[in-house]
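Source file data_25.cif; content: mmCIF, C-alpha atoms and all ligand atoms.
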```cif
data_structure
#
loop_
_atom_site.group_PDB
_atom_site.id
_atom_site.type_symbol
_atom_site.label_atom_id
_atom_site.label_comp_id
_atom_site.auth_asym_id
_atom_site.auth_seq_id
_atom_site.Cartn_x
_atom_site.Cartn_y
_atom_site.Cartn_z
ATOM 1 C CA MET Z 1 22.729 -91.622 -173.517
ATOM 2 C CA ALA Z 2 19.346 -91.755 -175.217
ATOM 3 C CA ALA Z 3 16.168 -91.599 -173.143
ATOM 4 C CA GLY Z 4 14.851 -95.072 -172.431
ATOM 5 C CA LYS Z 5 18.374 -96.571 -172.430
ATOM 6 C CA ILE Z 6 19.354 -95.218 -169.041
ATOM 7 C CA SER Z 7 20.499 -97.907 -166.630
ATOM 8 C CA TYR Z 8 19.155 -96.687 -163.331
ATOM 9 C CA ASP Z 9 20.471 -99.786 -161.575
ATOM 10 C CA THR Z 10 23.976 -98.407 -162.013
ATOM 11 C CA LEU Z 11 22.978 -94.975 -160.698
ATOM 12 C CA VAL Z 12 21.011 -95.901 -157.591
ATOM 13 C CA LYS Z 13 22.531 -97.883 -154.744
ATOM 14 C CA GLU Z 14 20.954 -98.828 -151.464
ATOM 15 C CA ASP Z 15 22.495 -95.868 -149.646
ATOM 16 C CA GLN Z 16 23.620 -93.566 -152.472
ATOM 17 C CA VAL Z 17 22.431 -92.042 -155.703
ATOM 18 C CA HIS Z 18 24.717 -90.785 -158.449
ATOM 19 C CA SER Z 19 24.867 -87.049 -159.100
ATOM 20 C CA ARG Z 20 23.959 -87.721 -162.741
ATOM 21 C CA LEU Z 21 20.364 -87.999 -161.572
ATOM 22 C CA TYR Z 22 20.534 -84.279 -160.834
ATOM 23 C CA TYR Z 23 22.179 -82.925 -163.972
ATOM 24 C CA ASP Z 24 21.862 -85.345 -166.899
ATOM 25 C CA GLU Z 25 19.693 -83.853 -169.672
ATOM 26 C CA ALA Z 26 18.520 -87.273 -170.915
ATOM 27 C CA ILE Z 27 17.386 -88.250 -167.424
ATOM 28 C CA PHE Z 28 15.599 -84.933 -167.029
ATOM 29 C CA GLN Z 29 13.741 -85.397 -170.308
ATOM 30 C CA GLU Z 30 12.759 -88.933 -169.368
ATOM 31 C CA GLU Z 31 11.432 -87.680 -166.024
ATOM 32 C CA MET Z 32 9.364 -85.035 -167.779
ATOM 33 C CA ASP Z 33 7.893 -87.703 -170.028
ATOM 34 C CA ARG Z 34 7.376 -90.637 -167.688
ATOM 35 C CA ILE Z 35 6.586 -88.821 -164.440
ATOM 36 C CA PHE Z 36 4.924 -85.590 -165.481
ATOM 37 C CA SER Z 37 3.410 -86.348 -168.888
ATOM 38 C CA HIS Z 38 2.042 -89.808 -168.135
ATOM 39 C CA ASN Z 39 0.816 -89.641 -164.556
ATOM 40 C CA TRP Z 40 -1.643 -87.834 -162.363
ATOM 41 C CA VAL Z 41 0.122 -84.746 -161.022
ATOM 42 C CA TYR Z 42 -1.100 -82.606 -158.121
ATOM 43 C CA VAL Z 43 -2.249 -79.164 -159.265
ATOM 44 C CA GLY Z 44 -4.132 -77.691 -156.324
ATOM 45 C CA HIS Z 45 -7.006 -77.887 -153.872
ATOM 46 C CA GLU Z 46 -10.576 -77.134 -154.798
ATOM 47 C CA THR Z 47 -10.844 -74.448 -152.081
ATOM 48 C CA GLU Z 48 -8.185 -72.387 -153.860
ATOM 49 C CA VAL Z 49 -10.725 -71.498 -156.553
ATOM 50 C CA VAL Z 50 -14.160 -70.968 -155.064
ATOM 51 C CA GLU Z 51 -15.811 -68.012 -156.798
ATOM 52 C CA PRO Z 52 -16.981 -68.100 -160.422
ATOM 53 C CA GLY Z 53 -14.023 -67.150 -162.615
ATOM 54 C CA GLU Z 54 -11.445 -67.610 -159.849
ATOM 55 C CA PHE Z 55 -8.253 -69.224 -161.143
ATOM 56 C CA VAL Z 56 -4.693 -70.167 -160.228
ATOM 57 C CA GLY Z 57 -1.838 -70.801 -162.636
ATOM 58 C CA ARG Z 58 0.051 -74.044 -162.137
ATOM 59 C CA TRP Z 59 2.544 -76.292 -163.951
ATOM 60 C CA ILE Z 60 2.538 -79.955 -164.878
ATOM 61 C CA GLY Z 61 6.173 -80.553 -165.604
ATOM 62 C CA LEU Z 62 7.069 -77.940 -168.209
ATOM 63 C CA GLN Z 63 3.469 -77.326 -169.276
ATOM 64 C CA PRO Z 64 1.605 -74.312 -167.860
ATOM 65 C CA VAL Z 65 -2.011 -74.986 -166.875
ATOM 66 C CA ILE Z 66 -4.853 -72.971 -165.391
ATOM 67 C CA LEU Z 67 -7.109 -74.336 -162.653
ATOM 68 C CA VAL Z 68 -10.329 -72.330 -162.879
ATOM 69 C CA ARG Z 69 -14.034 -72.282 -161.970
ATOM 70 C CA ASP Z 70 -16.380 -71.310 -164.729
ATOM 71 C CA ARG Z 71 -19.483 -69.204 -164.254
ATOM 72 C CA GLN Z 72 -21.448 -72.285 -163.199
ATOM 73 C CA ARG Z 73 -18.717 -73.025 -160.608
ATOM 74 C CA ARG Z 74 -17.573 -76.095 -162.519
ATOM 75 C CA LEU Z 75 -13.864 -76.842 -162.236
ATOM 76 C CA HIS Z 76 -11.655 -76.895 -165.323
ATOM 77 C CA LEU Z 77 -7.970 -77.519 -165.853
ATOM 78 C CA LEU Z 78 -6.947 -75.757 -169.051
ATOM 79 C CA LEU Z 79 -3.699 -75.907 -170.970
ATOM 80 C CA ASN Z 80 -2.351 -72.361 -170.803
ATOM 81 C CA ARG Z 81 -1.582 -72.166 -174.530
ATOM 82 C CA CYS Z 82 -3.501 -70.005 -176.954
ATOM 83 C CA ARG Z 83 -5.043 -71.976 -179.818
ATOM 84 C CA HIS Z 84 -3.863 -69.307 -182.257
ATOM 85 C CA ARG Z 85 -0.049 -69.251 -181.962
ATOM 86 C CA SER Z 86 0.510 -71.037 -178.631
ATOM 87 C CA ASN Z 87 1.280 -67.954 -176.582
ATOM 88 C CA THR Z 88 0.548 -68.383 -172.872
ATOM 89 C CA VAL Z 89 -2.916 -66.907 -172.466
ATOM 90 C CA CYS Z 90 -2.552 -65.993 -168.818
ATOM 91 C CA GLN Z 91 0.654 -64.907 -167.083
ATOM 92 C CA LEU Z 92 -0.878 -64.312 -163.633
ATOM 93 C CA GLU Z 93 -0.493 -66.752 -160.764
ATOM 94 C CA ARG Z 94 -4.054 -66.142 -159.597
ATOM 95 C CA GLY Z 95 -7.002 -63.904 -160.227
ATOM 96 C CA ASN Z 96 -10.560 -63.868 -161.504
ATOM 97 C CA ALA Z 97 -11.424 -64.495 -165.136
ATOM 98 C CA ALA Z 98 -15.194 -64.079 -164.878
ATOM 99 C CA GLY Z 99 -14.817 -61.763 -167.881
ATOM 100 C CA GLY Z 100 -12.653 -64.311 -169.685
ATOM 101 C CA PHE Z 101 -8.988 -64.762 -170.547
ATOM 102 C CA ARG Z 102 -7.655 -62.516 -173.305
ATOM 103 C CA CYS Z 103 -4.465 -63.504 -175.068
ATOM 104 C CA ALA Z 104 -2.118 -60.529 -175.167
ATOM 105 C CA TYR Z 105 -0.596 -61.520 -178.506
ATOM 106 C CA HIS Z 106 -3.471 -61.119 -180.989
ATOM 107 C CA GLY Z 107 -6.475 -60.740 -178.721
ATOM 108 C CA TRP Z 108 -8.269 -64.076 -178.891
ATOM 109 C CA THR Z 109 -10.603 -64.261 -175.894
ATOM 110 C CA TYR Z 110 -11.682 -67.346 -173.975
ATOM 111 C CA ALA Z 111 -14.393 -67.886 -171.361
ATOM 112 C CA ALA Z 112 -13.390 -69.238 -167.958
ATOM 113 C CA SER Z 113 -14.601 -72.596 -169.234
ATOM 114 C CA GLY Z 114 -11.965 -72.414 -171.970
ATOM 115 C CA GLU Z 115 -14.439 -71.831 -174.781
ATOM 116 C CA LEU Z 116 -13.258 -69.431 -177.504
ATOM 117 C CA ILE Z 117 -15.668 -66.492 -177.398
ATOM 118 C CA GLY Z 118 -14.089 -63.960 -179.709
ATOM 119 C CA MET Z 119 -11.197 -62.695 -181.746
ATOM 120 C CA PRO Z 120 -10.392 -59.442 -183.589
ATOM 121 C CA TYR Z 121 -11.709 -59.151 -187.156
ATOM 122 C CA PRO Z 122 -13.919 -62.260 -187.078
ATOM 123 C CA GLY Z 123 -15.013 -61.419 -190.628
ATOM 124 C CA GLY Z 124 -11.498 -62.269 -191.773
ATOM 125 C CA TYR Z 125 -12.190 -65.937 -191.150
ATOM 126 C CA ALA Z 126 -14.121 -67.464 -194.025
ATOM 127 C CA PRO Z 127 -17.534 -68.782 -192.957
ATOM 128 C CA GLY Z 128 -17.432 -72.541 -192.818
ATOM 129 C CA ASP Z 129 -13.637 -72.570 -192.618
ATOM 130 C CA PHE Z 130 -13.367 -71.753 -188.974
ATOM 131 C CA ASP Z 131 -15.406 -73.174 -186.102
ATOM 132 C CA LYS Z 132 -14.917 -71.403 -182.778
ATOM 133 C CA ALA Z 133 -16.189 -74.483 -180.949
ATOM 134 C CA GLU Z 134 -13.087 -76.363 -182.114
ATOM 135 C CA HIS Z 135 -10.617 -73.732 -180.943
ATOM 136 C CA GLY Z 136 -11.192 -73.495 -177.210
ATOM 137 C CA LEU Z 137 -8.355 -73.907 -174.721
ATOM 138 C CA LEU Z 138 -7.483 -77.575 -174.408
ATOM 139 C CA GLU Z 139 -8.912 -79.307 -171.344
ATOM 140 C CA VAL Z 140 -6.527 -81.347 -169.229
ATOM 141 C CA ALA Z 141 -8.006 -84.384 -167.469
ATOM 142 C CA LEU Z 142 -8.852 -83.478 -163.880
ATOM 143 C CA GLU Z 143 -9.768 -85.704 -160.950
ATOM 144 C CA GLY Z 144 -9.888 -85.061 -157.237
ATOM 145 C CA TYR Z 145 -9.678 -86.905 -153.968
ATOM 146 C CA GLN Z 146 -10.758 -85.288 -150.695
ATOM 147 C CA GLY Z 147 -10.552 -81.910 -152.454
ATOM 148 C CA PHE Z 148 -6.992 -82.450 -153.700
ATOM 149 C CA LEU Z 149 -6.953 -82.046 -157.469
ATOM 150 C CA PHE Z 150 -4.704 -83.832 -159.944
ATOM 151 C CA GLY Z 151 -4.242 -83.304 -163.672
ATOM 152 C CA HIS Z 152 -3.176 -85.799 -166.347
ATOM 153 C CA LEU Z 153 -1.791 -84.634 -169.697
ATOM 154 C CA ASN Z 154 -2.183 -88.029 -171.398
ATOM 155 C CA PRO Z 155 -4.942 -89.978 -169.629
ATOM 156 C CA ASP Z 156 -4.573 -93.703 -170.186
ATOM 157 C CA GLY Z 157 -7.670 -94.972 -168.426
ATOM 158 C CA ARG Z 158 -6.042 -95.346 -165.042
ATOM 159 C CA SER Z 159 -8.072 -93.456 -162.450
ATOM 160 C CA LEU Z 160 -6.593 -91.118 -159.868
ATOM 161 C CA LEU Z 161 -7.478 -93.558 -157.091
ATOM 162 C CA GLU Z 162 -5.650 -96.347 -158.900
ATOM 163 C CA HIS Z 163 -2.631 -94.063 -159.220
ATOM 164 C CA ILE Z 164 -2.397 -92.886 -155.607
ATOM 165 C CA GLY Z 165 -3.302 -96.332 -154.248
ATOM 166 C CA ALA Z 166 -2.527 -96.737 -150.564
ATOM 167 C CA ALA Z 167 -1.449 -93.092 -150.353
ATOM 168 C CA SER Z 168 -5.150 -92.235 -150.175
ATOM 169 C CA THR Z 169 -5.102 -93.325 -146.533
ATOM 170 C CA LEU Z 170 -2.475 -90.644 -145.838
ATOM 171 C CA LEU Z 171 -4.750 -88.013 -147.353
ATOM 172 C CA ASP Z 172 -7.590 -89.420 -145.257
ATOM 173 C CA GLN Z 173 -5.475 -89.021 -142.142
ATOM 174 C CA VAL Z 174 -4.771 -85.377 -142.968
ATOM 175 C CA ILE Z 175 -8.450 -84.679 -143.522
ATOM 176 C CA ASN Z 176 -9.473 -86.527 -140.384
ATOM 177 C CA LEU Z 177 -7.308 -84.194 -138.323
ATOM 178 C CA ALA Z 178 -9.691 -81.365 -139.187
ATOM 179 C CA PRO Z 179 -12.537 -81.048 -136.671
ATOM 180 C CA GLU Z 180 -14.997 -80.342 -139.487
ATOM 181 C CA GLY Z 181 -13.703 -83.234 -141.570
ATOM 182 C CA GLU Z 182 -12.540 -80.999 -144.395
ATOM 183 C CA VAL Z 183 -9.694 -78.570 -145.082
ATOM 184 C CA MET Z 184 -9.535 -75.180 -146.729
ATOM 185 C CA LEU Z 185 -6.304 -74.006 -148.356
ATOM 186 C CA ARG Z 186 -6.662 -70.237 -148.478
ATOM 187 C CA ALA Z 187 -4.427 -68.978 -145.687
ATOM 188 C CA GLY Z 188 -0.950 -68.525 -147.152
ATOM 189 C CA MET Z 189 1.724 -69.954 -149.377
ATOM 190 C CA LEU Z 190 5.090 -71.574 -148.876
ATOM 191 C CA LYS Z 191 7.099 -71.214 -152.046
ATOM 192 C CA HIS Z 192 10.632 -72.126 -152.993
ATOM 193 C CA LYS Z 193 12.650 -70.713 -155.831
ATOM 194 C CA TYR Z 194 16.156 -71.945 -156.408
ATOM 195 C CA ARG Z 195 18.519 -72.900 -159.183
ATOM 196 C CA ALA Z 196 18.619 -76.654 -158.887
ATOM 197 C CA ASN Z 197 17.150 -79.819 -160.266
ATOM 198 C CA TRP Z 198 13.448 -80.233 -159.419
ATOM 199 C CA LYS Z 199 14.068 -83.296 -157.242
ATOM 200 C CA MET Z 200 15.873 -81.168 -154.669
ATOM 201 C CA THR Z 201 12.456 -79.879 -153.566
ATOM 202 C CA ILE Z 202 11.390 -83.378 -152.631
ATOM 203 C CA ARG Z 203 14.757 -84.104 -151.090
ATOM 204 C CA GLN Z 204 14.279 -81.117 -148.797
ATOM 205 C CA SER Z 205 10.667 -81.920 -147.988
ATOM 206 C CA CYS Z 206 11.520 -85.442 -146.855
ATOM 207 C CA THR Z 207 13.667 -84.334 -143.930
ATOM 208 C CA SER Z 208 13.728 -81.371 -141.613
ATOM 209 C CA ARG Z 209 13.959 -78.332 -143.832
ATOM 210 C CA PRO Z 210 16.727 -76.289 -142.134
ATOM 211 C CA SER Z 211 19.178 -79.141 -141.747
ATOM 212 C CA ILE Z 212 18.762 -80.565 -145.222
ATOM 213 C CA SER Z 213 18.850 -77.077 -146.754
ATOM 214 C CA ILE Z 214 22.124 -76.270 -145.072
ATOM 215 C CA ARG Z 215 23.570 -79.613 -146.105
ATOM 216 C CA ALA Z 216 22.372 -79.140 -149.647
ATOM 217 C CA LYS Z 217 23.976 -75.747 -149.880
ATOM 218 C CA ALA Z 218 27.202 -76.941 -148.339
ATOM 219 C CA SER Z 219 27.547 -80.049 -150.434
ATOM 220 C CA THR Z 220 26.208 -78.999 -153.822
ATOM 221 C CA GLY Z 221 26.666 -75.229 -153.960
ATOM 222 C CA ILE Z 222 22.994 -74.620 -154.699
ATOM 223 C CA ARG Z 223 22.151 -70.943 -154.539
ATOM 224 C CA PHE Z 224 18.782 -70.088 -153.071
ATOM 225 C CA THR Z 225 17.101 -66.915 -154.191
ATOM 226 C CA ASP Z 226 14.438 -64.848 -152.524
ATOM 227 C CA PRO Z 227 11.191 -65.569 -154.446
ATOM 228 C CA THR Z 228 9.973 -62.005 -153.935
ATOM 229 C CA ALA Z 229 13.132 -60.527 -155.447
ATOM 230 C CA PRO Z 230 14.372 -62.978 -158.073
ATOM 231 C CA ARG Z 231 17.362 -60.912 -159.127
ATOM 232 C CA ALA Z 232 18.780 -60.524 -155.661
ATOM 233 C CA PRO Z 233 20.654 -63.583 -154.398
ATOM 234 C CA ALA Z 234 19.595 -64.193 -150.835
ATOM 235 C CA THR Z 235 21.505 -66.007 -148.165
ATOM 236 C CA LEU Z 236 20.096 -69.327 -147.126
ATOM 237 C CA ALA Z 237 19.034 -67.870 -143.783
ATOM 238 C CA MET Z 238 17.165 -65.030 -145.484
ATOM 239 C CA ALA Z 239 15.438 -67.453 -147.816
ATOM 240 C CA MET Z 240 14.422 -69.660 -144.915
ATOM 241 C CA VAL Z 241 13.034 -66.781 -142.837
ATOM 242 C CA ARG Z 242 11.080 -65.416 -145.770
ATOM 243 C CA SER Z 243 9.694 -68.766 -146.760
ATOM 244 C CA ILE Z 244 8.536 -69.444 -143.196
ATOM 245 C CA SER Z 245 6.905 -66.026 -142.772
ATOM 246 C CA PRO Z 246 3.402 -66.145 -144.256
ATOM 247 C CA PRO Z 247 2.972 -63.722 -147.149
ATOM 248 C CA ARG Z 248 0.506 -60.978 -146.415
ATOM 249 C CA THR Z 249 -1.777 -61.491 -149.371
ATOM 250 C CA ALA Z 250 -1.004 -64.881 -150.806
ATOM 251 C CA ARG Z 251 -3.500 -67.683 -150.621
ATOM 252 C CA PRO Z 252 -2.490 -71.130 -149.623
ATOM 253 C CA ALA Z 253 -1.057 -73.633 -151.943
ATOM 254 C CA PHE Z 254 1.963 -75.762 -152.354
ATOM 255 C CA SER Z 255 3.506 -75.471 -155.741
ATOM 256 C CA PHE Z 256 6.807 -75.638 -157.457
ATOM 257 C CA ARG Z 257 7.964 -75.105 -160.969
ATOM 258 C CA VAL Z 258 10.245 -77.628 -162.489
ATOM 259 C CA SER Z 259 13.715 -76.361 -163.206
ATOM 260 C CA LYS Z 260 16.664 -78.166 -164.672
ATOM 261 C CA ALA Z 261 19.150 -75.435 -163.928
ATOM 262 C CA MET Z 262 22.109 -76.471 -161.847
ATOM 263 C CA SER Z 263 24.450 -74.545 -159.662
ATOM 264 C CA PRO Z 264 26.255 -71.779 -161.573
ATOM 265 C CA ARG Z 265 29.286 -72.047 -159.319
ATOM 266 C CA PRO Z 266 32.389 -73.833 -160.567
ATOM 267 C CA ARG Z 267 33.077 -77.133 -158.877
ATOM 268 C CA LYS Z 268 36.460 -78.603 -158.059
ATOM 269 C CA THR Z 269 35.101 -82.132 -158.270
ATOM 270 C CA PRO Z 270 33.401 -82.993 -161.570
ATOM 271 C CA MET Z 271 29.722 -83.645 -161.015
ATOM 272 C CA SER Z 272 30.098 -86.888 -162.924
ATOM 273 C CA ARG Z 273 32.121 -88.252 -160.004
ATOM 274 C CA VAL Z 274 29.841 -87.159 -157.180
ATOM 275 C CA TRP Z 275 27.501 -89.440 -155.274
ATOM 276 C CA PHE Z 276 24.894 -88.371 -152.735
ATOM 277 C CA GLY Z 277 24.074 -90.553 -149.775
ATOM 278 C CA ALA Z 278 25.316 -92.102 -146.565
ATOM 279 C CA SER Z 279 28.772 -92.878 -147.900
ATOM 280 C CA ALA Z 280 29.202 -89.652 -149.828
ATOM 281 C CA SER Z 281 31.231 -88.105 -147.017
ATOM 282 C CA ASN Z 282 33.992 -90.578 -147.828
ATOM 283 C CA GLY Z 283 34.770 -88.498 -150.867
ATOM 284 C CA PRO Z 284 34.006 -88.646 -154.549
ATOM 285 C CA GLN Z 285 33.661 -92.107 -155.985
ATOM 286 C CA LYS Z 286 33.658 -93.480 -159.491
HETATM 287 S S1 LIG W 1 -1.239 -66.274 -179.948
HETATM 288 FE FE1 LIG W 1 -2.993 -65.823 -178.818
HETATM 289 S S2 LIG W 1 -4.126 -64.525 -180.066
HETATM 290 FE FE2 LIG W 1 -2.423 -65.037 -181.275
#
```
Whole structure given in structure tokens:
Amino acid sequence: MAAGKISYDTLVKEDQVHSRLYYDEAIFQEEMDRIFSHNWVYVGHETEVVEPGEFVGRWIGLQPVILVRDRQRRLHLLLNRCRHRSNTVCQLERGNAAGGFRCAYHGWTYAASGELIGMPYPGGYAPGDFDKAEHGLLEVALEGYQGFLFGHLNPDGRSLLEHIGAASTLLDQVINLAPEGEVMLRAGMLKHKYRANWKMTIRQSCTSRPSISIRAKASTGIRFTDPTAPRAPATLAMAMVRSISPPRTARPAFSFRVSKAMSPRPRKTPMSRVWFGASASNGPQK
């Protein structure tokens, strides 16, 4: 079914959602467009990048971005695509780019602000034909609230505050719990890596993690993998223990990368006949 023609009314009931929401390619593409490409999306907290040049790599949907402070400590959100041939300029999750980002493909170099500062054989570009000022890394719109930073790939004039609306009071409540009236996110990281539709992350976060994780594994066959050893399938218990234990060196953040991969295990019941929800235990329904 083409994107834009999906009848969500037939897929979402009061107490159930159809499994198509978790595997249909057209739905996935529409989510990437409507949710991630045309909305403010959380990318990090300003205390994650404090020093000049400090950066973290993040994702907005399927687009890699870099949250970075330039030498004047100004914040930038840069599209992580080289302006030469679109290679990702930076493959690190965090680091310091005070000396700039250098694309590994052909060596174009960018300042932490995103400005193109050099390339090999500059004399090969005809004077007047090439303006470095027009070939910096593309800036993604960035706005913050209480230190929480959001990026927008296609800003449409709607401010971040308009987007989060009443949810701002929830952020206020979190901040007000801090005795100093502010939070710093530099103490550790909780990270999930699993082969499942991206919405499963939210599904897990909305209820107690162990119980929903066990249910998810039992009912959908999702295989969790240890994020520190991607090739080694880990049991759910191992994944849980490792995700709860704070990493020794990681700094704090909450992040996830969108994945559309589904369970590799064969199913007896076709996914097209599976519903999730309160009545799902009654068996597959049409
Ligand atoms: S793709 Fe980056 S320098 Fe060529």
Quiz item: From the list Z:Asn87, Z:Ser205, Z:Ser113, Z:Asn197, which residue is nearest ligand LIG 1 (chain W) when using all atoms listed in the file?
Solution: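 Of the candidates, the smallest distance to ligand LIG 1 (chain W) is held by Z:Asn87.
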Exercise. Determine the residue membership of the PyMOL selection byres (((not hetatm)) within 8 of (chain W and resi 1)) for the file above and supply it as a ChimeraX atom specification.
Key: /Z:81-89,102-109,119
Take the residues from that selection and write them out as a PDB file, keeping the file's coordinate frame, keeping C-alpha atoms.
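Printed below is result11.pdb as written:
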```
ATOM      1  CA  ARG Z  81      -1.582 -72.166-174.530  1.00  0.00           C
ATOM      2  CA  CYS Z  82      -3.501 -70.005-176.954  1.00  0.00           C
ATOM      3  CA  ARG Z  83      -5.043 -71.976-179.818  1.00  0.00           C
ATOM      4  CA  HIS Z  84      -3.863 -69.307-182.257  1.00  0.00           C
ATOM      5  CA  ARG Z  85      -0.049 -69.251-181.962  1.00  0.00           C
ATOM      6  CA  SER Z  86       0.510 -71.037-178.631  1.00  0.00           C
ATOM      7  CA  ASN Z  87       1.280 -67.954-176.582  1.00  0.00           C
ATOM      8  CA  THR Z  88       0.548 -68.383-172.872  1.00  0.00           C
ATOM      9  CA  VAL Z  89      -2.916 -66.907-172.466  1.00  0.00           C
ATOM     10  CA  ARG Z 102      -7.655 -62.516-173.305  1.00  0.00           C
ATOM     11  CA  CYS Z 103      -4.465 -63.504-175.068  1.00  0.00           C
ATOM     12  CA  ALA Z 104      -2.118 -60.529-175.167  1.00  0.00           C
ATOM     13  CA  TYR Z 105      -0.596 -61.520-178.506  1.00  0.00           C
ATOM     14  CA  HIS Z 106      -3.471 -61.119-180.989  1.00  0.00           C
ATOM     15  CA  GLY Z 107      -6.475 -60.740-178.721  1.00  0.00           C
ATOM     16  CA  TRP Z 108      -8.269 -64.076-178.891  1.00  0.00           C
ATOM     17  CA  THR Z 109     -10.603 -64.261-175.894  1.00  0.00           C
ATOM     18  CA  MET Z 119     -11.197 -62.695-181.746  1.00  0.00           C
TER      19      MET Z 119
END
```
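Between Z:His152 and the candidates Z:Gln91, Z:Thr47, Z:Thr169, Z:Asn39, the tightest atom-to-atom separation, counting all atoms listed in the file, involves Z:Asn39.
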Quiz item: Pick from Z:Gly128, Z:Gly114, Z:Gly123, Z:Gly57: nearest to Z:Leu92, with only C-alpha atoms counted?
Solution: Z:Gly57
Practice problem: With a distance cut-off of 10 Å and only C-alpha atoms, select the neighbouring residues of Z:Gln72, excluding the residue or stretch itself and same-chain residues fewer than 5 positions from it, and output the selection as a list in words. | Solution: Glu51, Pro52, Gly53, Ala112 and Ser113 of chain Z
Exercise. Quick one: apply the PyMOL selection byres (((chain Z and resi 48) around 9) and not hetatm) to the file and drop the selected residues here as a VMD selection string.
Key: chain Z and resid 44 to 47 49 to 50 54 to 56 184 to 186 251 to 253
Write out as a PDB file with C-alpha atoms, keeping the file's coordinate frame the residues lying within 12 Å of Z:Glu115, counting only C-alpha atoms and excluding same-chain residues fewer than 6 positions away.
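Saved file part33.pdb follows:
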```pdb
ATOM      1  CA  ASP Z  70     -16.380 -71.310-164.729  1.00  0.00           C
ATOM      2  CA  ARG Z  71     -19.483 -69.204-164.254  1.00  0.00           C
ATOM      3  CA  HIS Z  76     -11.655 -76.895-165.323  1.00  0.00           C
ATOM      4  CA  LEU Z  78      -6.947 -75.757-169.051  1.00  0.00           C
ATOM      5  CA  CYS Z  82      -3.501 -70.005-176.954  1.00  0.00           C
ATOM      6  CA  ARG Z  83      -5.043 -71.976-179.818  1.00  0.00           C
ATOM      7  CA  GLY Z 100     -12.653 -64.311-169.685  1.00  0.00           C
ATOM      8  CA  PHE Z 101      -8.988 -64.762-170.547  1.00  0.00           C
ATOM      9  CA  ARG Z 102      -7.655 -62.516-173.305  1.00  0.00           C
ATOM     10  CA  TRP Z 108      -8.269 -64.076-178.891  1.00  0.00           C
ATOM     11  CA  THR Z 109     -10.603 -64.261-175.894  1.00  0.00           C
ATOM     12  CA  ASP Z 131     -15.406 -73.174-186.102  1.00  0.00           C
ATOM     13  CA  LYS Z 132     -14.917 -71.403-182.778  1.00  0.00           C
ATOM     14  CA  ALA Z 133     -16.189 -74.483-180.949  1.00  0.00           C
ATOM     15  CA  GLU Z 134     -13.087 -76.363-182.114  1.00  0.00           C
ATOM     16  CA  HIS Z 135     -10.617 -73.732-180.943  1.00  0.00           C
ATOM     17  CA  GLY Z 136     -11.192 -73.495-177.210  1.00  0.00           C
ATOM     18  CA  LEU Z 137      -8.355 -73.907-174.721  1.00  0.00           C
ATOM     19  CA  LEU Z 138      -7.483 -77.575-174.408  1.00  0.00           C
ATOM     20  CA  GLU Z 139      -8.912 -79.307-171.344  1.00  0.00           C
TER      21      GLU Z 139
END
```
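Comparing the minimum interatomic distances between Z:Ile60 and each of Z:Leu142, Z:Cys90, Z:Ile175, Z:Ala126, counting only C-alpha atoms, we find that Z:Leu142 sits nearest.
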Exercise. Would you work out the distance separating atom CA of Z:Tyr125 from atom CA of Z:Ala98, expressed in Å to one decimal?
Key: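 Separation between atom CA of Z:Tyr125 and atom CA of Z:Ala98: 26.5 Å.
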Since the input is missing atoms for stretch 17-27 of chain Z, could you rebuild it with N, CA and C atoms and give the result as a PDB file, in the frame of the given file?
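What landed in out08.pdb:
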```pdb
ATOM      1  N   VAL Z  17      22.873 -92.236-154.318  1.00  0.00           N
ATOM      2  CA  VAL Z  17      22.431 -92.042-155.703  1.00  0.00           C
ATOM      3  C   VAL Z  17      23.504 -91.230-156.414  1.00  0.00           C
ATOM      4  N   HIS Z  18      23.684 -91.479-157.699  1.00  0.00           N
ATOM      5  CA  HIS Z  18      24.717 -90.785-158.449  1.00  0.00           C
ATOM      6  C   HIS Z  18      24.258 -89.373-158.807  1.00  0.00           C
ATOM      7  N   SER Z  19      25.205 -88.446-158.821  1.00  0.00           N
ATOM      8  CA  SER Z  19      24.867 -87.049-159.100  1.00  0.00           C
ATOM      9  C   SER Z  19      24.296 -86.851-160.505  1.00  0.00           C
ATOM     10  N   ARG Z  20      24.518 -87.825-161.376  1.00  0.00           N
ATOM     11  CA  ARG Z  20      23.959 -87.721-162.741  1.00  0.00           C
ATOM     12  C   ARG Z  20      22.449 -87.556-162.719  1.00  0.00           C
ATOM     13  N   LEU Z  21      21.822 -88.107-161.689  1.00  0.00           N
ATOM     14  CA  LEU Z  21      20.364 -87.999-161.572  1.00  0.00           C
ATOM     15  C   LEU Z  21      19.931 -86.551-161.405  1.00  0.00           C
ATOM     16  N   TYR Z  22      20.873 -85.678-161.075  1.00  0.00           N
ATOM     17  CA  TYR Z  22      20.534 -84.279-160.834  1.00  0.00           C
ATOM     18  C   TYR Z  22      20.973 -83.351-161.964  1.00  0.00           C
ATOM     19  N   TYR Z  23      21.745 -83.862-162.929  1.00  0.00           N
ATOM     20  CA  TYR Z  23      22.179 -82.925-163.972  1.00  0.00           C
ATOM     21  C   TYR Z  23      22.063 -83.474-165.393  1.00  0.00           C
ATOM     22  N   ASP Z  24      21.840 -84.761-165.558  1.00  0.00           N
ATOM     23  CA  ASP Z  24      21.862 -85.345-166.899  1.00  0.00           C
ATOM     24  C   ASP Z  24      20.609 -84.942-167.689  1.00  0.00           C
ATOM     25  N   GLU Z  25      20.809 -84.345-168.856  1.00  0.00           N
ATOM     26  CA  GLU Z  25      19.693 -83.853-169.672  1.00  0.00           C
ATOM     27  C   GLU Z  25      18.758 -84.991-170.100  1.00  0.00           C
ATOM     28  N   ALA Z  26      19.343 -86.145-170.465  1.00  0.00           N
ATOM     29  CA  ALA Z  26      18.520 -87.273-170.915  1.00  0.00           C
ATOM     30  C   ALA Z  26      17.631 -87.785-169.784  1.00  0.00           C
ATOM     31  N   ILE Z  27      18.185 -87.806-168.575  1.00  0.00           N
ATOM     32  CA  ILE Z  27      17.386 -88.250-167.424  1.00  0.00           C
ATOM     33  C   ILE Z  27      16.268 -87.242-167.153  1.00  0.00           C
TER      34      ILE Z  27
END
```
